[in-house]
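For reference, run13.cif is printed below; it contains mmCIF, C-alpha atoms, pLDDT in the B column; chains and numbers go by the auth columns.
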```cif
data_model
loop_
_atom_site.group_PDB
_atom_site.id
_atom_site.type_symbol
_atom_site.label_atom_id
_atom_site.label_comp_id
_atom_site.label_asym_id
_atom_site.label_seq_id
_atom_site.Cartn_x
_atom_site.Cartn_y
_atom_site.Cartn_z
_atom_site.B_iso_or_equiv
_atom_site.auth_seq_id
_atom_site.auth_asym_id
ATOM 1 C CA MET A 1 -210.676 -17.381 19.624 66.00 1 U
ATOM 2 C CA LYS A 2 -206.867 -17.615 19.453 66.00 2 U
ATOM 3 C CA SER A 3 -204.781 -15.271 21.505 73.00 3 U
ATOM 4 C CA PHE A 4 -202.088 -13.020 20.067 67.00 4 U
ATOM 5 C CA THR A 5 -199.397 -15.250 21.570 73.00 5 U
ATOM 6 C CA GLU A 6 -200.802 -18.293 19.754 67.00 6 U
ATOM 7 C CA TYR A 7 -200.914 -16.429 16.446 60.00 7 U
ATOM 8 C CA LEU A 8 -197.339 -15.283 16.974 62.00 8 U
ATOM 9 C CA LYS A 9 -196.230 -18.827 17.785 65.00 9 U
ATOM 10 C CA GLU A 10 -197.926 -20.262 14.666 64.00 10 U
ATOM 11 C CA GLU A 11 -196.346 -17.560 12.528 62.00 11 U
ATOM 12 C CA LYS A 12 -192.950 -18.351 13.960 59.00 12 U
ATOM 13 C CA GLU A 13 -193.391 -22.084 13.370 60.00 13 U
ATOM 14 C CA ALA A 14 -194.565 -21.541 9.794 64.00 14 U
ATOM 15 C CA LYS A 15 -191.604 -19.340 8.862 81.00 15 U
ATOM 16 C CA LYS A 16 -188.422 -21.381 8.639 88.00 16 U
ATOM 17 C CA TYR A 17 -185.108 -20.515 7.024 93.00 17 U
ATOM 18 C CA THR A 18 -183.713 -23.486 5.134 94.00 18 U
ATOM 19 C CA PHE A 19 -180.097 -23.925 4.057 96.00 19 U
ATOM 20 C CA LYS A 20 -178.011 -26.667 2.513 95.00 20 U
ATOM 21 C CA VAL A 21 -174.434 -26.951 3.769 95.00 21 U
ATOM 22 C CA LYS A 22 -171.828 -28.744 1.612 95.00 22 U
ATOM 23 C CA VAL A 23 -168.340 -29.520 2.845 95.00 23 U
ATOM 24 C CA ALA A 24 -165.622 -30.905 0.561 94.00 24 U
ATOM 25 C CA GLY A 25 -163.010 -33.327 1.893 92.00 25 U
ATOM 26 C CA ASP A 26 -162.737 -35.222 5.162 90.00 26 U
ATOM 27 C CA LEU A 27 -164.444 -33.729 8.188 91.00 27 U
ATOM 28 C CA PRO A 28 -162.441 -33.035 11.359 90.00 28 U
ATOM 29 C CA ASP A 29 -163.362 -34.771 14.608 89.00 29 U
ATOM 30 C CA ASN A 30 -166.636 -33.668 16.211 90.00 30 U
ATOM 31 C CA CYS A 31 -167.340 -31.486 13.182 92.00 31 U
ATOM 32 C CA GLU A 32 -171.100 -32.037 13.218 93.00 32 U
ATOM 33 C CA ASP A 33 -171.404 -31.162 16.896 93.00 33 U
ATOM 34 C CA CYS A 34 -169.379 -27.979 16.404 94.00 34 U
ATOM 35 C CA MET A 35 -171.541 -26.926 13.483 95.00 35 U
ATOM 36 C CA GLU A 36 -174.820 -27.541 15.278 94.00 36 U
ATOM 37 C CA THR A 37 -173.577 -25.697 18.365 94.00 37 U
ATOM 38 C CA ALA A 38 -172.495 -22.683 16.303 94.00 38 U
ATOM 39 C CA LEU A 39 -175.844 -22.566 14.499 95.00 39 U
ATOM 40 C CA GLN A 40 -177.769 -22.402 17.774 94.00 40 U
ATOM 41 C CA LYS A 41 -177.209 -18.672 17.521 93.00 41 U
ATOM 42 C CA TYR A 42 -180.062 -18.705 14.999 94.00 42 U
ATOM 43 C CA GLN A 43 -182.197 -21.268 16.869 93.00 43 U
ATOM 44 C CA VAL A 44 -181.716 -24.585 15.061 94.00 44 U
ATOM 45 C CA CYS A 45 -184.957 -26.516 14.541 91.00 45 U
ATOM 46 C CA LYS A 46 -183.470 -29.108 12.165 92.00 46 U
ATOM 47 C CA PHE A 47 -179.943 -30.341 11.568 95.00 47 U
ATOM 48 C CA SER A 48 -179.757 -33.510 9.467 94.00 48 U
ATOM 49 C CA LYS A 49 -176.981 -36.046 9.719 91.00 49 U
ATOM 50 C CA GLY A 50 -174.385 -35.475 7.034 91.00 50 U
ATOM 51 C CA LYS A 51 -174.589 -37.571 3.848 93.00 51 U
ATOM 52 C CA SER A 52 -171.292 -38.252 2.091 93.00 52 U
ATOM 53 C CA THR A 53 -170.885 -38.759 -1.639 92.00 53 U
ATOM 54 C CA PRO A 54 -168.348 -41.146 -3.208 92.00 54 U
ATOM 55 C CA ILE A 55 -164.905 -39.822 -4.039 91.00 55 U
ATOM 56 C CA GLN A 56 -164.987 -38.059 -7.397 91.00 56 U
ATOM 57 C CA ALA A 57 -162.261 -36.813 -9.699 90.00 57 U
ATOM 58 C CA SER A 58 -163.850 -33.362 -9.680 88.00 58 U
ATOM 59 C CA LEU A 59 -166.748 -31.752 -7.817 88.00 59 U
ATOM 60 C CA LEU A 60 -168.974 -29.245 -9.595 85.00 60 U
ATOM 61 C CA GLU A 61 -169.460 -27.322 -6.357 86.00 61 U
ATOM 62 C CA PHE A 62 -165.692 -27.175 -5.750 90.00 62 U
ATOM 63 C CA PRO A 63 -163.886 -27.003 -9.132 87.00 63 U
ATOM 64 C CA ASN A 64 -160.472 -26.452 -7.510 89.00 64 U
ATOM 65 C CA ILE A 65 -160.653 -29.612 -5.381 90.00 65 U
ATOM 66 C CA LYS A 66 -159.757 -32.923 -7.046 90.00 66 U
ATOM 67 C CA ASN A 67 -160.278 -36.562 -6.019 92.00 67 U
ATOM 68 C CA SER A 68 -162.416 -35.798 -3.006 92.00 68 U
ATOM 69 C CA SER A 69 -165.799 -36.598 -1.488 93.00 69 U
ATOM 70 C CA MET A 70 -168.454 -34.167 -0.277 94.00 70 U
ATOM 71 C CA THR A 71 -170.676 -34.158 2.822 95.00 71 U
ATOM 72 C CA ILE A 72 -174.109 -32.539 2.682 95.00 72 U
ATOM 73 C CA PHE A 73 -176.147 -31.213 5.643 96.00 73 U
ATOM 74 C CA GLU A 74 -179.692 -29.820 5.642 95.00 74 U
ATOM 75 C CA VAL A 75 -180.380 -27.064 8.165 95.00 75 U
ATOM 76 C CA GLU A 76 -183.543 -25.230 9.268 95.00 76 U
ATOM 77 C CA LEU A 77 -183.339 -22.117 11.410 94.00 77 U
ATOM 78 C CA ASP A 78 -185.948 -20.027 13.184 91.00 78 U
ATOM 79 C CA TYR A 79 -184.130 -16.738 12.774 91.00 79 U
ATOM 80 C CA PRO A 80 -183.116 -15.183 9.441 92.00 80 U
ATOM 81 C CA THR A 81 -179.553 -14.981 8.225 94.00 81 U
ATOM 82 C CA THR A 82 -177.621 -15.182 4.957 95.00 82 U
ATOM 83 C CA SER A 83 -175.550 -17.865 3.275 95.00 83 U
ATOM 84 C CA ALA A 84 -172.383 -15.764 3.473 94.00 84 U
ATOM 85 C CA VAL A 85 -172.753 -15.254 7.232 95.00 85 U
ATOM 86 C CA LEU A 86 -173.274 -18.975 7.840 95.00 86 U
ATOM 87 C CA SER A 87 -170.290 -19.878 5.660 95.00 87 U
ATOM 88 C CA GLU A 88 -167.980 -17.668 7.743 95.00 88 U
ATOM 89 C CA LEU A 89 -169.494 -18.949 10.981 95.00 89 U
ATOM 90 C CA LEU A 90 -169.035 -22.630 10.089 95.00 90 U
ATOM 91 C CA ALA A 91 -165.515 -22.110 8.759 94.00 91 U
ATOM 92 C CA ASN A 92 -164.451 -20.382 11.985 94.00 92 U
ATOM 93 C CA CYS A 93 -166.009 -22.913 14.361 93.00 93 U
ATOM 94 C CA THR A 94 -164.778 -26.050 12.544 92.00 94 U
ATOM 95 C CA GLY A 95 -161.411 -24.850 11.269 92.00 95 U
ATOM 96 C CA ILE A 96 -162.326 -25.919 7.718 93.00 96 U
ATOM 97 C CA SER A 97 -161.087 -23.728 4.886 92.00 97 U
ATOM 98 C CA ARG A 98 -163.657 -21.278 3.550 93.00 98 U
ATOM 99 C CA ASP A 99 -163.063 -22.634 0.033 92.00 99 U
ATOM 100 C CA CYS A 100 -164.269 -26.070 1.176 94.00 100 U
ATOM 101 C CA ILE A 101 -167.667 -24.884 2.434 95.00 101 U
ATOM 102 C CA ARG A 102 -170.747 -23.950 0.432 94.00 102 U
ATOM 103 C CA VAL A 103 -173.945 -22.726 2.110 95.00 103 U
ATOM 104 C CA ARG A 104 -176.992 -21.991 -0.045 95.00 104 U
ATOM 105 C CA THR A 105 -180.715 -21.442 0.257 94.00 105 U
ATOM 106 C CA PRO A 106 -183.057 -23.533 -1.962 92.00 106 U
ATOM 107 C CA LEU A 107 -183.315 -20.625 -4.417 92.00 107 U
ATOM 108 C CA GLU A 108 -179.540 -20.174 -4.522 92.00 108 U
ATOM 109 C CA GLU A 109 -179.179 -23.915 -5.017 91.00 109 U
ATOM 110 C CA ALA A 110 -181.502 -23.850 -8.041 90.00 110 U
ATOM 111 C CA ASN A 111 -179.657 -20.899 -9.586 90.00 111 U
ATOM 112 C CA ALA A 112 -176.313 -22.641 -9.054 85.00 112 U
ATOM 113 C CA ALA A 113 -177.610 -25.754 -10.815 84.00 113 U
ATOM 114 C CA ILE A 114 -178.633 -23.659 -13.841 87.00 114 U
ATOM 115 C CA GLU A 115 -175.233 -21.962 -13.942 83.00 115 U
ATOM 116 C CA GLN A 116 -173.466 -25.336 -13.802 75.00 116 U
ATOM 117 C CA GLU A 117 -175.548 -26.606 -16.728 77.00 117 U
ATOM 118 C CA ASN A 118 -174.570 -23.542 -18.755 73.00 118 U
ATOM 119 C CA VAL A 119 -170.882 -24.091 -17.960 64.00 119 U
ATOM 120 C CA VAL A 120 -171.103 -27.725 -19.068 56.00 120 U
ATOM 121 C CA ASP A 121 -172.768 -26.688 -22.342 57.00 121 U
ATOM 122 C CA GLU A 122 -170.036 -24.134 -23.040 57.00 122 U
ATOM 123 C CA LYS A 123 -167.320 -26.727 -22.473 53.00 123 U
ATOM 124 C CA THR A 124 -168.773 -29.129 -25.026 53.00 124 U
ATOM 125 C CA ASP A 125 -166.927 -29.282 -28.328 51.00 125 U
ATOM 126 C CA ARG A 126 -168.798 -26.964 -30.656 56.00 126 U
ATOM 127 C CA LYS A 127 -166.864 -25.955 -33.747 56.00 127 U
ATOM 128 C CA ALA A 128 -168.015 -23.328 -36.174 54.00 128 U
ATOM 129 C CA LEU A 129 -169.351 -24.750 -39.416 55.00 129 U
ATOM 130 C CA LEU A 130 -167.044 -22.516 -41.464 58.00 130 U
ATOM 131 C CA SER A 131 -163.975 -24.085 -39.835 60.00 131 U
ATOM 132 C CA GLN A 132 -165.025 -27.674 -40.584 60.00 132 U
ATOM 133 C CA ASP A 133 -164.312 -29.605 -43.755 63.00 133 U
ATOM 134 C CA TYR A 134 -167.241 -30.674 -45.867 59.00 134 U
ATOM 135 C CA GLY A 135 -168.080 -34.342 -46.171 61.00 135 U
ATOM 136 C CA LYS A 136 -166.632 -36.457 -48.972 62.00 136 U
ATOM 137 C CA GLU A 137 -170.046 -37.220 -50.451 62.00 137 U
ATOM 138 C CA ASN A 138 -170.571 -35.589 -53.838 62.00 138 U
ATOM 139 C CA ASN A 139 -174.368 -36.124 -53.903 63.00 139 U
ATOM 140 C CA GLN A 140 -174.327 -36.553 -57.678 63.00 140 U
ATOM 141 C CA SER A 141 -177.393 -38.766 -57.388 62.00 141 U
ATOM 142 C CA LEU A 142 -179.411 -35.676 -56.465 64.00 142 U
ATOM 143 C CA VAL A 143 -178.267 -33.435 -59.314 63.00 143 U
ATOM 144 C CA GLY A 144 -177.039 -33.644 -62.913 64.00 144 U
ATOM 145 C CA ASP A 145 -177.872 -36.175 -65.634 69.00 145 U
ATOM 146 C CA LYS A 146 -178.517 -39.053 -63.241 67.00 146 U
ATOM 147 C CA GLN A 147 -181.208 -37.094 -61.451 70.00 147 U
ATOM 148 C CA VAL A 148 -182.832 -36.107 -64.780 74.00 148 U
ATOM 149 C CA LEU A 149 -182.963 -39.733 -65.966 78.00 149 U
ATOM 150 C CA SER A 150 -184.371 -40.850 -62.652 78.00 150 U
ATOM 151 C CA LEU A 151 -187.035 -38.156 -62.829 78.00 151 U
ATOM 152 C CA LEU A 152 -188.027 -39.182 -66.376 80.00 152 U
ATOM 153 C CA ARG A 153 -188.343 -42.833 -65.331 81.00 153 U
ATOM 154 C CA ASP A 154 -190.599 -41.837 -62.446 81.00 154 U
ATOM 155 C CA LEU A 155 -192.779 -39.739 -64.755 79.00 155 U
ATOM 156 C CA THR A 156 -193.113 -42.623 -67.220 78.00 156 U
ATOM 157 C CA LYS A 157 -194.190 -44.998 -64.479 75.00 157 U
ATOM 158 C CA SER A 158 -196.705 -42.540 -63.087 72.00 158 U
ATOM 159 C CA ARG A 159 -198.135 -41.922 -66.584 68.00 159 U
ATOM 160 C CA LYS A 160 -198.667 -45.652 -67.140 63.00 160 U
ATOM 161 C CA ASN A 161 -200.419 -45.953 -63.810 63.00 161 U
ATOM 162 C CA THR A 162 -202.791 -43.074 -64.602 61.00 162 U
ATOM 163 C CA GLN A 163 -203.983 -44.355 -68.034 57.00 163 U
ATOM 164 C CA PRO A 164 -207.472 -45.963 -67.932 60.00 164 U
ATOM 165 C CA THR A 165 -207.740 -49.705 -68.516 61.00 165 U
ATOM 166 C CA GLN A 166 -209.357 -50.721 -71.815 58.00 166 U
ATOM 167 C CA TYR A 167 -211.945 -53.523 -71.608 59.00 167 U
ATOM 168 C CA LYS A 168 -213.260 -55.483 -74.635 63.00 168 U
ATOM 169 C CA GLY A 169 -216.866 -56.565 -74.666 60.00 169 U
ATOM 170 C CA VAL A 170 -219.613 -58.061 -76.848 58.00 170 U
ATOM 171 C CA ASN A 171 -220.899 -54.706 -78.033 59.00 171 U
ATOM 172 C CA ASP A 172 -217.577 -53.520 -79.407 60.00 172 U
ATOM 173 C CA VAL A 173 -218.726 -54.519 -82.937 59.00 173 U
ATOM 174 C CA LEU A 174 -221.822 -52.334 -82.682 58.00 174 U
ATOM 175 C CA LEU A 175 -219.975 -49.294 -81.441 58.00 175 U
ATOM 176 C CA ALA A 176 -218.455 -46.884 -83.891 55.00 176 U
ATOM 177 C CA LYS A 177 -214.713 -46.845 -84.046 58.00 177 U
ATOM 178 C CA LYS A 178 -214.668 -43.151 -84.621 57.00 178 U
ATOM 179 C CA LEU A 179 -216.789 -40.432 -83.146 53.00 179 U
ATOM 180 C CA HIS A 180 -219.415 -39.051 -85.518 55.00 180 U
ATOM 181 C CA GLN A 181 -218.788 -35.463 -86.348 57.00 181 U
ATOM 182 C CA GLU A 182 -221.769 -33.410 -87.503 58.00 182 U
ATOM 183 C CA LYS A 183 -221.278 -31.038 -90.383 60.00 183 U
ATOM 184 C CA ALA A 184 -221.972 -27.471 -89.656 55.00 184 U
ATOM 185 C CA THR A 185 -225.278 -26.348 -91.241 59.00 185 U
ATOM 186 C CA GLU A 186 -224.928 -23.580 -93.772 59.00 186 U
ATOM 187 C CA MET A 187 -226.622 -20.367 -92.894 61.00 187 U
ATOM 188 C CA PRO A 188 -228.887 -18.836 -95.632 61.00 188 U
ATOM 189 C CA LYS A 189 -227.428 -15.946 -97.479 62.00 189 U
ATOM 190 C CA ALA A 190 -228.763 -12.609 -96.446 58.00 190 U
ATOM 191 C CA GLY A 191 -230.872 -10.717 -99.056 61.00 191 U
ATOM 192 C CA PRO A 192 -230.896 -7.002 -99.765 63.00 192 U
ATOM 193 C CA ALA A 193 -231.854 -4.928 -96.845 59.00 193 U
ATOM 194 C CA ARG A 194 -235.270 -3.312 -96.855 62.00 194 U
ATOM 195 C CA GLY A 195 -236.347 -0.232 -95.041 58.00 195 U
ATOM 196 C CA LEU A 196 -238.899 -0.537 -92.354 56.00 196 U
ATOM 197 C CA PHE A 197 -241.379 1.792 -94.134 57.00 197 U
ATOM 198 C CA ALA A 198 -240.742 0.621 -97.691 54.00 198 U
ATOM 199 C CA SER A 199 -243.960 0.344 -99.802 53.00 199 U
ATOM 200 C CA LYS A 200 -244.975 -3.053 -101.090 53.00 200 U
ATOM 201 C CA GLY A 201 -246.353 -1.742 -104.354 52.00 201 U
ATOM 202 C CA LYS A 202 -247.162 1.376 -106.336 50.00 202 U
ATOM 203 C CA GLN A 203 -250.278 3.179 -105.225 51.00 203 U
ATOM 204 C CA LYS A 204 -252.791 4.199 -107.876 47.00 204 U
#
```

What is this structure when it is put down as C-alpha cells?
Amino acid sequence: MKSFTEYLKEEKEAKKYTFKVKVAGDLPDNCEDCMETALQKYQVCKFSKGKSTPIQASLLEFPNIKNSSMTIFEVELDYPTTSAVLSELLANCTGISRDCIRVRTPLEEANAAIEQENVVDEKTDRKALLSQDYGKENNQSLVGDKQVLSLLRDLTKSRKNTQPTQYKGVNDVLLAKKLHQEKATEMPKAGPARGLFASKGKQK
C-alpha cells in the first residue's frame, strides 16, 4: 500500500501549470537564462528552447509591432500562478517592454485564436446588398414572351413523346375502324296503376 507521501508526490507530478510565452522582436543577451531563473520561483519543470518565426509585416499577437519576428517558449510549472503575474515577472527580469510579451495558458491561447478569427472576419470587405448596384443582366430569357414561347415548345415536345406509337398489322382489315355503339333499349311503357286489393272480376 502506498504511503501518504507517495500519493502526495504523484498528485504533485500529475498537476502541472502550462504556459506559452511569446516575445516580439530581438531578444537581449542571456534572455533565456534570465527567464528560466526568474521562473524558478514557481518551480520550473519544463522550459523549452525558444522557437523564432520569420520576420512578418504584422503579428496577430502584437498588432502594434510591424516588420518583426516572434520567439515562442513553452513553460511548465509546479506551482500555480497567472498569466498576468508571469508577464510582469518576465518583463522586469529581462528588461523587455511589457507590450512585447504575451503569456497565456492553453485555454487562454484557444480563446485568443477564436477572437483573432472574428477580427479577421470583421475586416473582410462585406458591403450591404442595398448599397451595391445590380448586375447588368436583364434576364429576359426567364420572363416575358421569350419564356412563353420556350415553354410552349417544351410542352409540344413532351406531348409528342407521350403519344403511343401506332403499329400496322395483318389484322387491321378485320378490325372495325369505328367502335360499335349499342343503341339503348327502349323501356316498356308503364300501364295504369292497379291497387293491391283490386278485384279481378265481378262476384255473382

| task | List, as number ranges by chain, every residue that the PyMOL selection byres ((chain U and resi 85) around 12) selects in the file provided. | result | U: 19, 38-39, 41-42, 80-84, 86-92, 98, 101-104

Okay, now the selection with C-alpha atoms, as a PDB file, keeping the file's coordinate frame?
```pdb
ATOM      1  CA  PHE U  19    -180.097 -23.925   4.057  1.00 96.00           C
ATOM      2  CA  ALA U  38    -172.495 -22.683  16.303  1.00 94.00           C
ATOM      3  CA  LEU U  39    -175.844 -22.566  14.499  1.00 95.00           C
ATOM      4  CA  LYS U  41    -177.209 -18.672  17.521  1.00 93.00           C
ATOM      5  CA  TYR U  42    -180.062 -18.705  14.999  1.00 94.00           C
ATOM      6  CA  PRO U  80    -183.116 -15.183   9.441  1.00 92.00           C
ATOM      7  CA  THR U  81    -179.553 -14.981   8.225  1.00 94.00           C
ATOM      8  CA  THR U  82    -177.621 -15.182   4.957  1.00 95.00           C
ATOM      9  CA  SER U  83    -175.550 -17.865   3.275  1.00 95.00           C
ATOM     10  CA  ALA U  84    -172.383 -15.764   3.473  1.00 94.00           C
ATOM     11  CA  LEU U  86    -173.274 -18.975   7.840  1.00 95.00           C
ATOM     12  CA  SER U  87    -170.290 -19.878   5.660  1.00 95.00           C
ATOM     13  CA  GLU U  88    -167.980 -17.668   7.743  1.00 95.00           C
ATOM     14  CA  LEU U  89    -169.494 -18.949  10.981  1.00 95.00           C
ATOM     15  CA  LEU U  90    -169.035 -22.630  10.089  1.00 95.00           C
ATOM     16  CA  ALA U  91    -165.515 -22.110   8.759  1.00 94.00           C
ATOM     17  CA  ASN U  92    -164.451 -20.382  11.985  1.00 94.00           C
ATOM     18  CA  ARG U  98    -163.657 -21.278   3.550  1.00 93.00           C
ATOM     19  CA  ILE U 101    -167.667 -24.884   2.434  1.00 95.00           C
ATOM     20  CA  ARG U 102    -170.747 -23.950   0.432  1.00 94.00           C
ATOM     21  CA  VAL U 103    -173.945 -22.726   2.110  1.00 95.00           C
ATOM     22  CA  ARG U 104    -176.992 -21.991  -0.045  1.00 95.00           C
TER      23      ARG U 104
END
```

| request: Might you pull out every residue within 10 Å of Tyr79 in chain U, with all atoms listed in the file counted and same-chain residues fewer than 4 positions away left off, and present them as a list in words? | output: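 Using all atoms listed in the file, the neighbours found are Lys12, Lys15, Lys16, Tyr17, Gln40, Lys41, Tyr42, Gln43, Val44 and Cys45 of chain U.
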
| task | Considering all atoms listed in the file, return as an NGL selection string whatever protein or nucleic-acid residues lie within 9 Å of Pro54 in chain U, sequence-local ones (same chain, fewer than 6 positions apart) excluded. | result | :U and (68-70)

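Nearest-residue note for Pro106 in chain U: choosing from U:Cys93, U:Val75, U:Leu27, U:Ile65, the minimum distance belongs to U:Val75, counting only C-alpha atoms.
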
| query | Any idea what the distance is between CA of Val23 in chain U and CA of Glu117 in chain U? | reply |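 Going from CA of Val23 in chain U over to CA of Glu117 in chain U, I get 21.1 Å.
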
| request: Could you tell me which of U:Asp78, U:Glu61, U:Leu155, U:Gly95 comes closest to Ala113 in chain U if we count only C-alpha atoms? | output: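 For Ala113 in chain U, the nearest of the candidates is U:Glu61.
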
| said: What does the structure give for the distance between CA of Ile72 in chain U and CA of Ser97 in chain U, in Å to one decimal? | reply: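 CA of Ser97 in chain U lies 15.9 Å from CA of Ile72 in chain U.
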
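Of the listed residues U:Thr37, U:Thr53, U:Asn64, U:Thr71, the one whose atoms come nearest to Thr94 in chain U is U:Thr37, with distances taken using only C-alpha atoms.
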
| field | Counting only C-alpha atoms, the option among U:Met35, U:Ala24, U:Val148, U:Ala110 closest to Lys49 in chain U | value |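 Counting only C-alpha atoms, the residue closest to Lys49 in chain U is U:Met35.
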
| request: Have a look at CA of Ser52 in chain U and CA of Lys22 in chain U and let me know their distance in Å, one decimal. | output: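 It comes out at 9.5 Å.
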
Can you take the partial range 41-62 of chain U, add N, CA and C atoms, and return it as a tab-separated table (two decimals), in the frame of the given file?
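Saved as result.tsv:
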```
chain	number	residue	atom	x	y	z
U	41	LYS	N	-177.07	-20.14	17.48
U	41	LYS	CA	-177.21	-18.67	17.52
U	41	LYS	C	-178.47	-18.23	16.78
U	42	TYR	N	-178.88	-19.02	15.80
U	42	TYR	CA	-180.06	-18.70	15.00
U	42	TYR	C	-181.20	-19.68	15.29
U	43	GLN	N	-181.15	-20.36	16.40
U	43	GLN	CA	-182.20	-21.27	16.87
U	43	GLN	C	-182.43	-22.41	15.86
U	44	VAL	N	-181.63	-23.44	15.96
U	44	VAL	CA	-181.72	-24.58	15.06
U	44	VAL	C	-182.97	-25.40	15.38
U	45	CYS	N	-183.80	-25.63	14.37
U	45	CYS	CA	-184.96	-26.52	14.54
U	45	CYS	C	-184.78	-27.82	13.77
U	46	LYS	N	-183.77	-27.86	12.88
U	46	LYS	CA	-183.47	-29.11	12.16
U	46	LYS	C	-182.01	-29.08	11.74
U	47	PHE	N	-181.33	-30.18	12.02
U	47	PHE	CA	-179.94	-30.34	11.57
U	47	PHE	C	-179.76	-31.81	11.21
U	48	SER	N	-179.80	-32.12	9.91
U	48	SER	CA	-179.76	-33.51	9.47
U	48	SER	C	-178.34	-34.07	9.56
U	49	LYS	N	-178.27	-35.37	9.71
U	49	LYS	CA	-176.98	-36.05	9.72
U	49	LYS	C	-176.35	-35.93	8.34
U	50	GLY	N	-175.06	-35.69	8.31
U	50	GLY	CA	-174.38	-35.48	7.03
U	50	GLY	C	-174.39	-36.71	6.15
U	51	LYS	N	-174.62	-36.50	4.85
U	51	LYS	CA	-174.59	-37.57	3.85
U	51	LYS	C	-173.39	-37.35	2.95
U	52	SER	N	-172.53	-38.37	2.88
U	52	SER	CA	-171.29	-38.25	2.09
U	52	SER	C	-171.46	-38.87	0.72
U	53	THR	N	-170.88	-38.24	-0.27
U	53	THR	CA	-170.88	-38.76	-1.64
U	53	THR	C	-169.61	-39.57	-1.87
U	54	PRO	N	-169.59	-40.42	-2.88
U	54	PRO	CA	-168.35	-41.15	-3.21
U	54	PRO	C	-167.25	-40.18	-3.65
U	55	ILE	N	-166.03	-40.65	-3.58
U	55	ILE	CA	-164.90	-39.82	-4.04
U	55	ILE	C	-165.01	-39.63	-5.55
U	56	GLN	N	-164.87	-38.40	-5.98
U	56	GLN	CA	-164.99	-38.06	-7.40
U	56	GLN	C	-163.74	-37.33	-7.86
U	57	ALA	N	-163.44	-37.49	-9.14
U	57	ALA	CA	-162.26	-36.81	-9.70
U	57	ALA	C	-162.39	-35.30	-9.60
U	58	SER	N	-163.61	-34.80	-9.80
U	58	SER	CA	-163.85	-33.36	-9.68
U	58	SER	C	-165.27	-33.14	-9.18
U	59	LEU	N	-165.45	-32.11	-8.37
U	59	LEU	CA	-166.75	-31.75	-7.82
U	59	LEU	C	-167.21	-30.46	-8.45
U	60	LEU	N	-168.45	-30.45	-8.95
U	60	LEU	CA	-168.97	-29.24	-9.60
U	60	LEU	C	-169.05	-28.08	-8.61
U	61	GLU	N	-169.36	-28.38	-7.36
U	61	GLU	CA	-169.46	-27.32	-6.36
U	61	GLU	C	-168.08	-26.75	-6.00
U	62	PHE	N	-167.05	-27.59	-6.12
U	62	PHE	CA	-165.69	-27.18	-5.75
U	62	PHE	C	-164.74	-27.51	-6.91
```
